[in-house]
$ cat structure-v4.cif   # mmCIF, C-alpha atoms and all ligand atoms
data_final
#
loop_
_atom_site.label_atom_id
_atom_site.label_comp_id
_atom_site.auth_asym_id
_atom_site.auth_seq_id
_atom_site.Cartn_x
_atom_site.Cartn_y
_atom_site.Cartn_z
CA MET A 1 0.00 0.00 0.00
CA VAL A 2 1.12 3.50 -0.71
CA GLU A 3 0.30 7.19 -0.45
CA VAL A 4 0.17 9.04 -3.79
CA ARG A 5 1.29 12.67 -3.90
CA LEU A 6 0.82 14.99 -6.87
CA GLU A 7 2.94 18.14 -6.73
CA ASN A 8 2.04 21.04 -9.00
CA LEU A 9 1.23 18.58 -11.76
CA LYS A 10 0.73 20.06 -15.23
CA LYS A 11 0.09 18.67 -18.66
CA TYR A 12 -0.10 21.01 -21.64
CA PHE A 13 -0.87 19.87 -25.18
CA ASP A 14 -0.38 21.58 -28.54
CA GLY A 15 2.56 23.70 -27.45
CA GLY A 16 0.78 25.01 -24.36
CA LYS A 17 -2.50 25.94 -26.04
CA VAL A 18 -4.44 23.21 -24.22
CA LYS A 19 -3.90 23.26 -20.46
CA ALA A 20 -5.40 19.83 -19.77
CA VAL A 21 -4.01 19.70 -16.21
CA ASP A 22 -2.95 23.00 -14.74
CA GLY A 23 -1.18 22.76 -11.40
CA VAL A 24 -2.77 19.95 -9.42
CA ASN A 25 -1.65 19.42 -5.83
CA LEU A 26 -3.26 16.40 -4.20
CA THR A 27 -2.37 13.74 -1.66
CA ILE A 28 -4.24 10.45 -1.84
CA LYS A 29 -3.82 8.70 1.47
CA ASP A 30 -2.65 5.14 1.91
CA GLY A 31 -5.66 2.86 1.33
CA GLU A 32 -7.97 5.72 0.45
CA PHE A 33 -10.69 5.69 -2.24
CA LEU A 34 -10.37 9.08 -3.92
CA VAL A 35 -12.76 10.12 -6.68
CA LEU A 36 -11.72 12.64 -9.33
CA LEU A 37 -15.00 14.26 -10.32
CA GLY A 38 -15.64 16.85 -12.99
CA PRO A 39 -17.25 17.61 -16.35
CA SER A 40 -16.02 16.24 -19.65
CA GLY A 41 -12.67 17.70 -20.66
CA CYS A 42 -11.66 18.99 -17.19
CA GLY A 43 -8.47 16.89 -17.10
CA LYS A 44 -9.45 13.84 -15.04
CA THR A 45 -8.23 11.21 -17.49
CA THR A 46 -5.00 13.08 -18.20
CA THR A 47 -4.29 13.24 -14.45
CA LEU A 48 -4.93 9.51 -14.12
CA ARG A 49 -2.75 8.72 -17.15
CA MET A 50 0.15 10.66 -15.62
CA ILE A 51 -0.21 8.69 -12.38
CA ALA A 52 -0.19 5.50 -14.46
CA GLY A 53 2.90 6.58 -16.42
CA LEU A 54 1.04 6.62 -19.74
CA GLU A 55 1.54 10.37 -20.10
CA GLU A 56 4.61 12.43 -19.20
CA PRO A 57 3.91 15.60 -17.17
CA THR A 58 4.85 18.98 -18.64
CA GLU A 59 5.76 20.03 -15.11
CA GLY A 60 5.45 18.78 -11.54
CA ARG A 61 6.21 15.57 -9.71
CA ILE A 62 4.45 12.35 -8.71
CA TRP A 63 5.36 10.43 -5.57
CA PHE A 64 4.35 6.94 -4.41
CA GLY A 65 5.27 7.14 -0.73
CA ASP A 66 8.87 8.39 -0.65
CA ARG A 67 9.59 7.06 -4.16
CA GLU A 68 9.42 9.55 -7.01
CA VAL A 69 7.77 7.91 -10.04
CA THR A 70 7.27 10.96 -12.33
CA TYR A 71 9.28 9.50 -15.22
CA LEU A 72 9.10 5.77 -14.43
CA PRO A 73 7.49 3.54 -17.08
CA PRO A 74 4.10 2.02 -16.08
CA LYS A 75 5.58 -1.45 -15.52
CA ASP A 76 7.85 -0.16 -12.75
CA ARG A 77 5.04 1.48 -10.75
CA ASN A 78 3.05 -1.55 -9.56
CA ILE A 79 -0.24 0.00 -10.59
CA SER A 80 -3.31 -1.53 -12.22
CA MET A 81 -5.79 0.29 -14.37
CA VAL A 82 -9.42 -0.46 -15.25
CA PHE A 83 -10.87 1.32 -18.27
CA GLN A 84 -14.39 2.12 -19.38
CA SER A 85 -13.88 -0.13 -22.40
CA TYR A 86 -13.11 -3.25 -20.27
CA ALA A 87 -10.07 -4.04 -22.46
CA VAL A 88 -10.16 -7.79 -21.88
CA TRP A 89 -8.39 -9.90 -24.52
CA PRO A 90 -10.93 -11.66 -26.75
CA HIS A 91 -8.64 -14.59 -27.69
CA MET A 92 -7.99 -15.56 -24.06
CA THR A 93 -10.30 -17.33 -21.62
CA VAL A 94 -11.33 -15.56 -18.45
CA TYR A 95 -8.69 -17.59 -16.58
CA GLU A 96 -5.97 -16.61 -19.05
CA ASN A 97 -7.03 -12.97 -18.95
CA ILE A 98 -6.74 -12.80 -15.17
CA ALA A 99 -3.50 -14.82 -15.15
CA PHE A 100 -1.81 -12.70 -17.82
CA PRO A 101 -0.37 -9.89 -15.64
CA LEU A 102 1.04 -12.55 -13.28
CA GLN A 103 2.70 -14.42 -16.14
CA ILE A 104 4.36 -11.21 -17.32
CA ARG A 105 5.70 -10.77 -13.81
CA LYS A 106 6.95 -14.39 -13.94
CA PHE A 107 5.00 -15.72 -10.96
CA PRO A 108 5.30 -19.54 -10.46
CA ARG A 109 2.41 -21.51 -11.89
CA ASP A 110 0.87 -22.65 -8.56
CA GLU A 111 0.98 -19.09 -7.21
CA ILE A 112 -0.75 -17.89 -10.40
CA ASP A 113 -3.46 -20.50 -9.99
CA LYS A 114 -4.00 -19.58 -6.34
CA ARG A 115 -4.27 -15.86 -7.10
CA VAL A 116 -6.53 -16.26 -10.15
CA ARG A 117 -8.97 -18.32 -8.08
CA TRP A 118 -8.78 -15.81 -5.20
CA ALA A 119 -9.58 -12.85 -7.52
CA ALA A 120 -12.29 -14.79 -9.38
CA GLU A 121 -13.96 -15.68 -6.10
CA LEU A 122 -13.89 -12.06 -4.91
CA LEU A 123 -15.57 -10.95 -8.15
CA GLN A 124 -17.94 -13.96 -8.17
CA ILE A 125 -16.85 -15.23 -11.56
CA GLU A 126 -15.41 -18.62 -10.50
CA GLY A 127 -17.96 -20.32 -12.75
CA LEU A 128 -16.84 -18.42 -15.84
CA LEU A 129 -13.10 -19.16 -15.88
CA ASP A 130 -13.21 -21.33 -19.03
CA ARG A 131 -15.31 -18.92 -21.08
CA TYR A 132 -14.15 -16.43 -23.70
CA PRO A 133 -15.10 -12.73 -23.37
CA ALA A 134 -17.54 -13.01 -26.30
CA GLN A 135 -19.54 -15.45 -24.17
CA LEU A 136 -19.91 -12.93 -21.32
CA SER A 137 -22.29 -10.05 -20.58
CA GLY A 138 -20.92 -6.50 -20.28
CA GLY A 139 -21.12 -6.68 -16.50
CA GLN A 140 -19.27 -10.00 -16.39
CA ARG A 141 -16.55 -8.64 -18.68
CA GLN A 142 -16.10 -5.70 -16.36
CA ARG A 143 -15.72 -8.12 -13.43
CA VAL A 144 -12.96 -9.88 -15.37
CA ALA A 145 -11.23 -6.54 -15.93
CA VAL A 146 -11.43 -5.75 -12.20
CA ALA A 147 -10.20 -9.25 -11.24
CA ARG A 148 -7.24 -8.84 -13.61
CA ALA A 149 -6.47 -5.47 -12.02
CA ILE A 150 -6.42 -6.69 -8.42
CA VAL A 151 -4.74 -10.07 -9.01
CA VAL A 152 -1.26 -8.52 -8.89
CA GLU A 153 -2.10 -6.78 -5.59
CA PRO A 154 -1.16 -3.36 -6.98
CA ASP A 155 0.06 -0.50 -4.81
CA VAL A 156 -2.35 1.79 -6.61
CA LEU A 157 -5.58 0.94 -8.42
CA LEU A 158 -6.63 3.42 -11.12
CA MET A 159 -10.15 3.34 -12.55
CA ASP A 160 -11.36 5.49 -15.44
CA GLU A 161 -15.17 5.58 -15.67
CA PRO A 162 -15.27 1.78 -15.28
CA LEU A 163 -19.06 1.57 -15.03
CA SER A 164 -20.21 3.91 -17.77
CA ASN A 165 -20.79 1.16 -20.34
CA LEU A 166 -23.14 -0.73 -18.03
CA ASP A 167 -26.90 -0.23 -17.85
CA ALA A 168 -28.28 1.87 -14.98
CA LYS A 169 -29.31 -1.03 -12.74
CA LEU A 170 -26.04 -2.92 -13.11
CA ARG A 171 -24.10 0.27 -12.53
CA VAL A 172 -25.73 0.74 -9.12
CA ALA A 173 -24.98 -2.87 -8.16
CA MET A 174 -21.35 -2.73 -9.34
CA ARG A 175 -20.86 0.61 -7.59
CA ALA A 176 -21.55 -1.03 -4.25
CA GLU A 177 -19.44 -4.09 -5.11
CA ILE A 178 -16.36 -2.13 -6.15
CA LYS A 179 -16.64 -0.01 -3.02
CA LYS A 180 -16.91 -3.11 -0.79
CA LEU A 181 -14.02 -4.79 -2.58
CA GLN A 182 -11.81 -1.73 -2.15
CA THR A 183 -12.69 -1.46 1.54
CA ARG A 184 -11.73 -5.12 1.95
CA LEU A 185 -8.45 -4.91 0.00
CA LYS A 186 -7.56 -1.44 1.33
CA VAL A 187 -5.75 -0.63 -1.90
CA THR A 188 -5.12 3.07 -2.62
CA THR A 189 -7.66 3.79 -5.36
CA ILE A 190 -8.13 6.75 -7.70
CA TYR A 191 -11.45 6.63 -9.52
CA VAL A 192 -12.41 8.98 -12.35
CA THR A 193 -16.05 9.83 -13.04
CA HIS A 194 -18.27 12.67 -14.20
CA ASP A 195 -21.21 11.11 -12.30
CA GLN A 196 -21.76 12.95 -9.02
CA VAL A 197 -23.89 10.17 -7.54
CA GLU A 198 -21.09 7.67 -8.16
CA ALA A 199 -18.65 10.08 -6.53
CA MET A 200 -20.88 10.68 -3.51
CA THR A 201 -21.58 7.00 -2.87
CA MET A 202 -18.09 5.58 -3.50
CA GLY A 203 -15.46 8.10 -2.49
CA ASP A 204 -13.84 8.45 0.93
CA ARG A 205 -13.01 11.86 -0.48
CA ILE A 206 -13.94 13.65 -3.69
CA ALA A 207 -11.66 16.00 -5.63
CA VAL A 208 -13.83 18.24 -7.81
CA MET A 209 -12.00 19.37 -10.96
CA ASN A 210 -12.74 22.04 -13.53
CA ALA A 211 -10.57 23.40 -16.35
CA GLY A 212 -7.45 21.50 -15.30
CA LYS A 213 -7.62 22.51 -11.65
CA VAL A 214 -8.83 20.88 -8.43
CA LEU A 215 -11.39 23.25 -6.92
CA GLN A 216 -12.19 21.39 -3.70
CA VAL A 217 -11.20 18.16 -1.95
CA GLY A 218 -13.12 16.63 0.94
CA PRO A 219 -15.41 13.85 2.15
CA PRO A 220 -18.67 13.65 0.16
CA THR A 221 -20.84 15.21 2.87
CA GLU A 222 -18.43 18.11 3.31
CA VAL A 223 -18.34 18.86 -0.42
CA TYR A 224 -22.15 18.66 -0.48
CA LEU A 225 -22.76 20.76 2.65
CA LYS A 226 -19.87 23.23 2.38
CA PRO A 227 -19.10 23.79 -1.31
CA ASN A 228 -16.38 26.42 -1.69
CA SER A 229 -17.63 27.83 -5.00
CA VAL A 230 -20.67 28.11 -7.24
CA PHE A 231 -19.14 25.52 -9.57
CA VAL A 232 -18.83 22.84 -6.85
CA ALA A 233 -22.21 23.79 -5.36
CA THR A 234 -24.05 23.29 -8.65
CA PHE A 235 -22.05 20.27 -9.85
CA ILE A 236 -23.01 18.21 -6.80
CA GLY A 237 -26.69 17.57 -6.02
CA ALA A 238 -29.74 16.95 -8.21
CA PRO A 239 -31.76 18.97 -8.99
CA GLU A 240 -28.90 21.43 -8.70
CA MET A 241 -28.67 24.16 -6.08
CA ASN A 242 -30.82 27.25 -6.74
CA ILE A 243 -28.59 30.28 -7.30
CA LEU A 244 -30.24 33.71 -7.21
CA GLU A 245 -28.79 37.19 -7.60
CA VAL A 246 -29.55 39.31 -4.53
CA SER A 247 -28.14 42.34 -2.77
CA VAL A 248 -27.26 42.53 0.92
CA ALA A 249 -29.26 44.95 3.08
CA ASP A 250 -29.20 45.45 6.85
CA GLY A 251 -31.09 42.40 8.12
CA TYR A 252 -32.12 40.78 4.86
CA LEU A 253 -31.25 39.85 1.28
CA GLU A 254 -33.12 41.75 -1.40
CA GLY A 255 -33.94 39.78 -4.54
CA ARG A 256 -35.95 40.65 -7.63
CA GLY A 257 -39.40 40.82 -6.04
CA PHE A 258 -38.65 38.93 -2.83
CA ARG A 259 -36.84 39.42 0.46
CA ILE A 260 -35.06 36.87 2.68
CA GLU A 261 -34.87 37.87 6.36
CA LEU A 262 -31.59 36.93 8.05
CA PRO A 263 -30.90 36.08 11.69
CA ASP A 264 -28.27 38.20 13.47
CA ASP A 265 -25.44 35.65 13.34
CA ILE A 266 -25.66 35.30 9.57
CA MET A 267 -26.10 39.04 9.15
CA GLU A 268 -22.84 39.62 11.06
CA ILE A 269 -20.90 37.61 8.46
CA LEU A 270 -22.53 39.53 5.62
CA ARG A 271 -22.16 43.00 7.14
CA PRO A 272 -19.14 43.94 4.95
CA TYR A 273 -21.29 43.24 1.89
CA ILE A 274 -24.15 45.62 2.72
CA GLY A 275 -25.13 47.47 -0.44
CA LYS A 276 -23.37 44.93 -2.66
CA GLY A 277 -24.63 42.19 -4.95
CA VAL A 278 -24.00 38.54 -3.98
CA LEU A 279 -25.23 35.15 -5.12
CA PHE A 280 -27.67 33.39 -2.81
CA GLY A 281 -27.81 29.59 -2.92
CA ILE A 282 -30.19 27.01 -1.47
CA ARG A 283 -30.61 23.35 -2.37
CA PRO A 284 -34.11 22.20 -3.43
CA GLU A 285 -34.12 19.68 -0.57
CA HIS A 286 -33.47 22.34 2.07
CA MET A 287 -36.86 23.97 1.69
CA THR A 288 -40.40 22.86 2.32
CA VAL A 289 -43.94 24.13 1.84
CA GLU A 290 -45.89 25.19 4.92
CA GLY A 291 -48.86 22.96 5.60
CA VAL A 292 -47.77 20.37 3.03
CA SER A 293 -44.59 18.79 4.23
CA GLU A 294 -43.02 19.79 7.54
CA MET A 295 -39.43 18.87 8.19
CA SER A 296 -38.68 18.23 11.82
CA HIS A 297 -34.89 18.59 11.39
CA MET A 298 -35.19 22.23 10.34
CA ARG A 299 -34.26 24.26 13.39
CA ARG A 300 -34.55 27.78 12.04
CA THR A 301 -36.71 28.62 9.08
CA VAL A 302 -37.45 31.72 7.04
CA ARG A 303 -40.80 32.19 5.29
CA LEU A 304 -41.18 33.24 1.66
CA ARG A 305 -44.37 33.67 -0.34
CA GLY A 306 -44.45 32.22 -3.86
CA ARG A 307 -46.68 30.68 -6.49
CA VAL A 308 -46.48 27.16 -7.97
CA ASP A 309 -45.36 27.42 -11.60
CA PHE A 310 -44.81 23.78 -12.53
CA VAL A 311 -45.00 20.38 -10.80
CA GLU A 312 -42.67 17.47 -11.61
CA ALA A 313 -44.09 14.35 -9.97
CA LEU A 314 -41.31 11.74 -9.84
CA GLY A 315 -43.13 9.21 -7.66
CA THR A 316 -40.64 9.07 -4.79
CA ASP A 317 -40.28 12.86 -4.83
CA THR A 318 -42.00 15.93 -6.20
CA ILE A 319 -40.05 18.86 -7.65
CA LEU A 320 -42.01 22.10 -7.40
CA HIS A 321 -41.01 25.05 -9.53
CA VAL A 322 -42.06 28.08 -7.52
CA LYS A 323 -42.23 31.65 -8.80
CA LEU A 324 -40.60 33.92 -6.27
CA GLY A 325 -40.94 37.55 -7.40
CA ASP A 326 -39.28 37.51 -10.82
CA GLU A 327 -37.29 34.35 -10.13
CA LEU A 328 -38.01 30.63 -10.34
CA ILE A 329 -36.83 28.35 -7.57
CA LYS A 330 -36.96 24.53 -7.36
CA VAL A 331 -38.17 22.83 -4.18
CA LYS A 332 -37.82 19.08 -3.63
CA LEU A 333 -40.44 17.44 -1.42
CA PRO A 334 -40.75 13.77 -0.49
CA GLY A 335 -43.58 11.71 -2.03
CA HIS A 336 -46.66 12.96 -3.79
CA VAL A 337 -47.62 16.59 -3.21
CA PRO A 338 -51.24 17.66 -3.82
CA LEU A 339 -50.46 21.11 -5.18
CA GLU A 340 -51.60 22.60 -8.45
CA VAL A 341 -50.06 25.15 -10.78
CA GLY A 342 -51.04 28.69 -9.76
CA LYS A 343 -51.45 27.88 -6.06
CA GLU A 344 -50.04 30.41 -3.58
CA VAL A 345 -47.62 28.75 -1.14
CA THR A 346 -45.40 29.70 1.78
CA LEU A 347 -41.90 28.27 1.48
CA LEU A 348 -39.93 27.51 4.61
CA LEU A 349 -36.20 27.84 4.01
CA ASP A 350 -33.79 26.08 6.33
CA ILE A 351 -31.72 29.17 7.10
CA ASP A 352 -28.79 27.11 8.41
CA MET A 353 -28.48 25.50 4.98
CA ILE A 354 -28.19 28.66 2.91
CA HIS A 355 -25.10 29.61 0.89
CA VAL A 356 -23.84 33.01 -0.14
CA PHE A 357 -21.18 33.44 -2.83
CA ASP A 358 -19.11 36.43 -3.91
CA LYS A 359 -20.53 37.69 -7.18
CA SER A 360 -17.28 38.18 -9.05
CA SER A 361 -15.05 35.34 -7.75
CA GLU A 362 -18.03 33.01 -7.15
CA ASN A 363 -16.24 31.78 -4.01
CA ALA A 364 -18.27 30.93 -0.91
CA ILE A 365 -18.76 33.58 1.77
CA ILE A 366 -21.15 31.34 3.74
P1 LIG B 401 -13.74 13.05 -20.24
O1 LIG B 401 -14.61 12.84 -19.05
O2 LIG B 401 -14.51 13.57 -21.44
O3 LIG B 401 -12.86 11.91 -20.57
P2 LIG B 401 -11.56 14.38 -18.90
O4 LIG B 401 -11.93 15.24 -17.74
O5 LIG B 401 -11.04 13.04 -18.60
O6 LIG B 401 -12.77 14.30 -19.90
P3 LIG B 401 -9.15 14.77 -20.40
O7 LIG B 401 -9.38 13.59 -21.26
O8 LIG B 401 -8.12 14.67 -19.36
O9 LIG B 401 -10.51 15.24 -19.73
O10 LIG B 401 -8.83 16.01 -21.35
C1 LIG B 401 -8.55 17.31 -20.85
C2 LIG B 401 -8.31 18.26 -22.00
O11 LIG B 401 -7.11 17.92 -22.68
C3 LIG B 401 -9.40 18.24 -23.07
O12 LIG B 401 -9.58 19.56 -23.53
C4 LIG B 401 -8.81 17.36 -24.15
O13 LIG B 401 -9.34 17.70 -25.41
C5 LIG B 401 -7.34 17.67 -24.04
N1 LIG B 401 -6.47 16.56 -24.47
C6 LIG B 401 -6.41 15.33 -23.89
N2 LIG B 401 -5.48 14.55 -24.51
C7 LIG B 401 -4.96 15.30 -25.51
C8 LIG B 401 -3.95 15.07 -26.51
N3 LIG B 401 -3.31 13.90 -26.59
N4 LIG B 401 -3.69 16.08 -27.37
C9 LIG B 401 -4.32 17.28 -27.28
N5 LIG B 401 -5.26 17.56 -26.36
C10 LIG B 401 -5.59 16.60 -25.48
#
$ encode --input "structure-v4.cif" --output "structure tokens"
Amino acid sequence: MVEVRLENLKKYFDGGKVKAVDGVNLTIKDGEFLVLLGPSGCGKTTTLRMIAGLEEPTEGRIWFGDREVTYLPPKDRNISMVFQSYAVWPHMTVYENIAFPLQIRKFPRDEIDKRVRWAAELLQIEGLLDRYPAQLSGGQRQRVAVARAIVVEPDVLLMDEPLSNLDAKLRVAMRAEIKKLQTRLKVTTIYVTHDQVEAMTMGDRIAVMNAGKVLQVGPPTEVYLKPNSVFVATFIGAPEMNILEVSVADGYLEGRGFRIELPDDIMEILRPYIGKGVLFGIRPEHMTVEGVSEMSHMRRTVRLRGRVDFVEALGTDTILHVKLGDELIKVKLPGHVPLEVGKEVTLLLDIDMIHVFDKSSENAII
């Protein structure tokens, strides 16, 4: 097992025109499951490929424990990688596929057999060892790819969107299995995804990336509850956080046609911003409608009058679109909600769950 340290890691393409990775500093702890999360093109795969040794950094250093690996070839790093495309060899049986990395490393035959059966049992594919990949389902092929990755007992396991080719139901099941397997093996794991639910449910910590940079690193609940910027706040959570332009007044926030009263402690933090514009944020699940769905965990609430503009009934939840002055705000309520378009409602905001961001930097103030 090993700690992975990225120091000011950069990768530029096309003579510096494309800054794929632009100064990443990150320590992945020994045995940790770290998720690199971000939109398409933000530099996740390039970061992973540099850790694997498949891409040479333009600048910066990579450490595995106290060993610098920045320019080492992949074979000298004791890493394993699992790709979205499975990448299992079609002309080899499942057994041969899993055994292959051990043969390259010249393990004795009985040790190979022991390890292949151990990995196959962990991934529940013992019954498929004699089959060829063409005779397997997508999910089974991905299990083979994971078994082949862990069979060498790598210091670092790298996974690049390994579940995105699976159907939704299988993806949820495999998510839990990979997480359990990693917890059991305690192998340092770096997992790339653009799926925030995958990140929230699997990661010990999440590193949110955008435009080649890591914006925030922390445990899932911390990134969800205390996002440090508008980008992180809106990337995590569905439906995404409501963001409204408001200005700070003494005792309240003034929006376009609505007013949010603030308790003294919150007002104290915002005092330097009086007279200025800020961005107000609240998640749809941190509000409720008076008389419809009370939430006992809300300690301090603020009331706001609005009008129902649209109702999305999802079965398990209802998303209300509520007109608030000139703005629209989404409210997520559990179960079925008997409200019709046009109905006047009183929203209760959980005031301890509000966010305020600086308008120009978009960094969090609260
Ligand atoms: P995705 O989720 O779509 O795979 P990503 O976050 O993994 O995206 P990268 O694949 O790391 O992003 O790409 C980051 C940026 O670098 C993109 O703008 C991409 O077009 C660019 N890029 C990646 N590889 C190369 C290359 N070999 N040559 C030029 N540009 C590249």
$ residues_around --input "structure-v4.cif" --residues "Gly237 of chain A" --least-positions-apart "2" --cutoff "8 Å" --atoms "all atoms listed in the file" --output "list in words"
Gln196, Tyr224, Ala233, Thr234, Phe235, Pro239, Glu240, Met241 and Arg283 of chain A
$ atom_distance --input "structure-v4.cif" --atom1 "atom CA of Leu262 of chain A" --atom2 "atom CA of Thr346 of chain A"
16.8 Å
$ residues_near_ligand --input "structure-v4.cif" --ligand "ligand LIG 401 (chain B)" --cutoff "12 Å" --atoms "only C-alpha atoms and all ligand atoms" --output "JSON list (two decimals) with C-alpha atoms, in the coordinates of the input"
[["chain", "number", "residue", "atom", "x", "y", "z"],
["A", 10, "LYS", "CA", 0.73, 20.06, -15.23],
["A", 11, "LYS", "CA", 0.09, 18.67, -18.66],
["A", 12, "TYR", "CA", -0.10, 21.01, -21.64],
["A", 13, "PHE", "CA", -0.87, 19.87, -25.18],
["A", 14, "ASP", "CA", -0.38, 21.58, -28.54],
["A", 15, "GLY", "CA", 2.56, 23.70, -27.45],
["A", 16, "GLY", "CA", 0.78, 25.01, -24.36],
["A", 17, "LYS", "CA", -2.50, 25.94, -26.04],
["A", 18, "VAL", "CA", -4.44, 23.21, -24.22],
["A", 19, "LYS", "CA", -3.90, 23.26, -20.46],
["A", 20, "ALA", "CA", -5.40, 19.83, -19.77],
["A", 21, "VAL", "CA", -4.01, 19.70, -16.21],
["A", 22, "ASP", "CA", -2.95, 23.00, -14.74],
["A", 36, "LEU", "CA", -11.72, 12.64, -9.33],
["A", 37, "LEU", "CA", -15.00, 14.26, -10.32],
["A", 38, "GLY", "CA", -15.64, 16.85, -12.99],
["A", 39, "PRO", "CA", -17.25, 17.61, -16.35],
["A", 40, "SER", "CA", -16.02, 16.24, -19.65],
["A", 41, "GLY", "CA", -12.67, 17.70, -20.66],
["A", 42, "CYS", "CA", -11.66, 18.99, -17.19],
["A", 43, "GLY", "CA", -8.47, 16.89, -17.10],
["A", 44, "LYS", "CA", -9.45, 13.84, -15.04],
["A", 45, "THR", "CA", -8.23, 11.21, -17.49],
["A", 46, "THR", "CA", -5.00, 13.08, -18.20],
["A", 47, "THR", "CA", -4.29, 13.24, -14.45],
["A", 48, "LEU", "CA", -4.93, 9.51, -14.12],
["A", 49, "ARG", "CA", -2.75, 8.72, -17.15],
["A", 50, "MET", "CA", 0.15, 10.66, -15.62],
["A", 54, "LEU", "CA", 1.04, 6.62, -19.74],
["A", 55, "GLU", "CA", 1.54, 10.37, -20.10],
["A", 56, "GLU", "CA", 4.61, 12.43, -19.20],
["A", 57, "PRO", "CA", 3.91, 15.60, -17.17],
["A", 83, "PHE", "CA", -10.87, 1.32, -18.27],
["A", 84, "GLN", "CA", -14.39, 2.12, -19.38],
["A", 159, "MET", "CA", -10.15, 3.34, -12.55],
["A", 160, "ASP", "CA", -11.36, 5.49, -15.44],
["A", 161, "GLU", "CA", -15.17, 5.58, -15.67],
["A", 162, "PRO", "CA", -15.27, 1.78, -15.28],
["A", 164, "SER", "CA", -20.21, 3.91, -17.77],
["A", 191, "TYR", "CA", -11.45, 6.63, -9.52],
["A", 192, "VAL", "CA", -12.41, 8.98, -12.35],
["A", 193, "THR", "CA", -16.05, 9.83, -13.04],
["A", 194, "HIS", "CA", -18.27, 12.67, -14.20],
["A", 195, "ASP", "CA", -21.21, 11.11, -12.30],
["A", 208, "VAL", "CA", -13.83, 18.24, -7.81],
["A", 209, "MET", "CA", -12.00, 19.37, -10.96],
["A", 210, "ASN", "CA", -12.74, 22.04, -13.53],
["A", 211, "ALA", "CA", -10.57, 23.40, -16.35],
["A", 212, "GLY", "CA", -7.45, 21.50, -15.30],
["A", 213, "LYS", "CA", -7.62, 22.51, -11.65],
["A", 214, "VAL", "CA", -8.83, 20.88, -8.43]]
$ closest_residue --input "structure-v4.cif" --among "A:Asp352, A:Asp76, A:Glu3, A:Asp250" --to "Met287 of chain A" --atoms "all atoms listed in the file"
A:Asp352
$ residues_around --input "structure-v4.cif" --residues "Ile125 of chain A" --least-positions-apart "6" --cutoff "9 Å" --atoms "all atoms listed in the file" --output "ChimeraX atom specification"
/A:94,119,140,143-144,147
$ residues_around --input "structure-v4.cif" --residues "Glu198 of chain A" --least-positions-apart "5" --cutoff "9 Å" --atoms "all atoms listed in the file" --output "PDB file with C-alpha atoms, keeping the file's coordinate frame"
ATOM      1  CA  VAL A  35     -12.760  10.120  -6.680  1.00  0.00           C
ATOM      2  CA  VAL A 172     -25.730   0.740  -9.120  1.00  0.00           C
ATOM      3  CA  ARG A 175     -20.860   0.610  -7.590  1.00  0.00           C
ATOM      4  CA  THR A 193     -16.050   9.830 -13.040  1.00  0.00           C
ATOM      5  CA  GLY A 203     -15.460   8.100  -2.490  1.00  0.00           C
TER       6      GLY A 203
END
$ atom_distance --input "structure-v4.cif" --atom1 "atom CA of Arg303 of chain A" --atom2 "atom CA of Lys359 of chain A"
24.4 Å
$ residues_around --input "structure-v4.cif" --residues "Glu177 of chain A" --least-positions-apart "5" --cutoff "10 Å" --atoms "all atoms listed in the file" --output "PyMOL selection string"
chain A and resi 122-123+143+171-172+182-183+202
$ write_last_selection --input "structure-v4.cif" --atoms "C-alpha atoms" --output "short mmCIF file (atom, residue, chain, number, x, y, z; two decimals), keeping the file's coordinate frame"
data_model
loop_
_atom_site.label_atom_id
_atom_site.label_comp_id
_atom_site.auth_asym_id
_atom_site.auth_seq_id
_atom_site.Cartn_x
_atom_site.Cartn_y
_atom_site.Cartn_z
CA LEU A 122 -13.89 -12.06 -4.91
CA LEU A 123 -15.57 -10.95 -8.15
CA ARG A 143 -15.72 -8.12 -13.43
CA ARG A 171 -24.10 0.27 -12.53
CA VAL A 172 -25.73 0.74 -9.12
CA GLN A 182 -11.81 -1.73 -2.15
CA THR A 183 -12.69 -1.46 1.54
CA MET A 202 -18.09 5.58 -3.50
#
$ residues_around --input "structure-v4.cif" --residues "segment 310-323 of chain A" --least-positions-apart "2" --cutoff "6 Å" --atoms "all atoms listed in the file" --output "list of chain:residue names"
A:Gly306, A:Arg307, A:Val308, A:Glu327, A:Leu328, A:Ile329, A:Lys330, A:Val331, A:Lys332, A:Leu333, A:Pro334, A:Gly335, A:Val341
$ closest_residue --input "structure-v4.cif" --among "A:Lys276, A:His336, A:Arg300, A:Arg205" --to "Glu261 of chain A" --atoms "all atoms listed in the file"
A:Arg300
$ closest_residue --input "structure-v4.cif" --among "A:Trp118, A:Tyr273, A:Trp63, A:Tyr132" --to "Glu96 of chain A" --atoms "only C-alpha atoms"
A:Tyr132
$ atom_distance --input "structure-v4.cif" --atom1 "atom CA of Glu59 of chain A" --atom2 "atom CA of Gly31 of chain A"
26.4 Å
$ closest_residue --input "structure-v4.cif" --among "A:Asn97, A:Ser80, A:Gln135, A:Gln124" --to "Ile112 of chain A" --atoms "all atoms listed in the file"
A:Asn97
$ closest_residue --input "structure-v4.cif" --among "A:Glu121, A:Glu7, A:Glu362, A:Glu294" --to "Val69 of chain A" --atoms "all atoms listed in the file"
A:Glu7
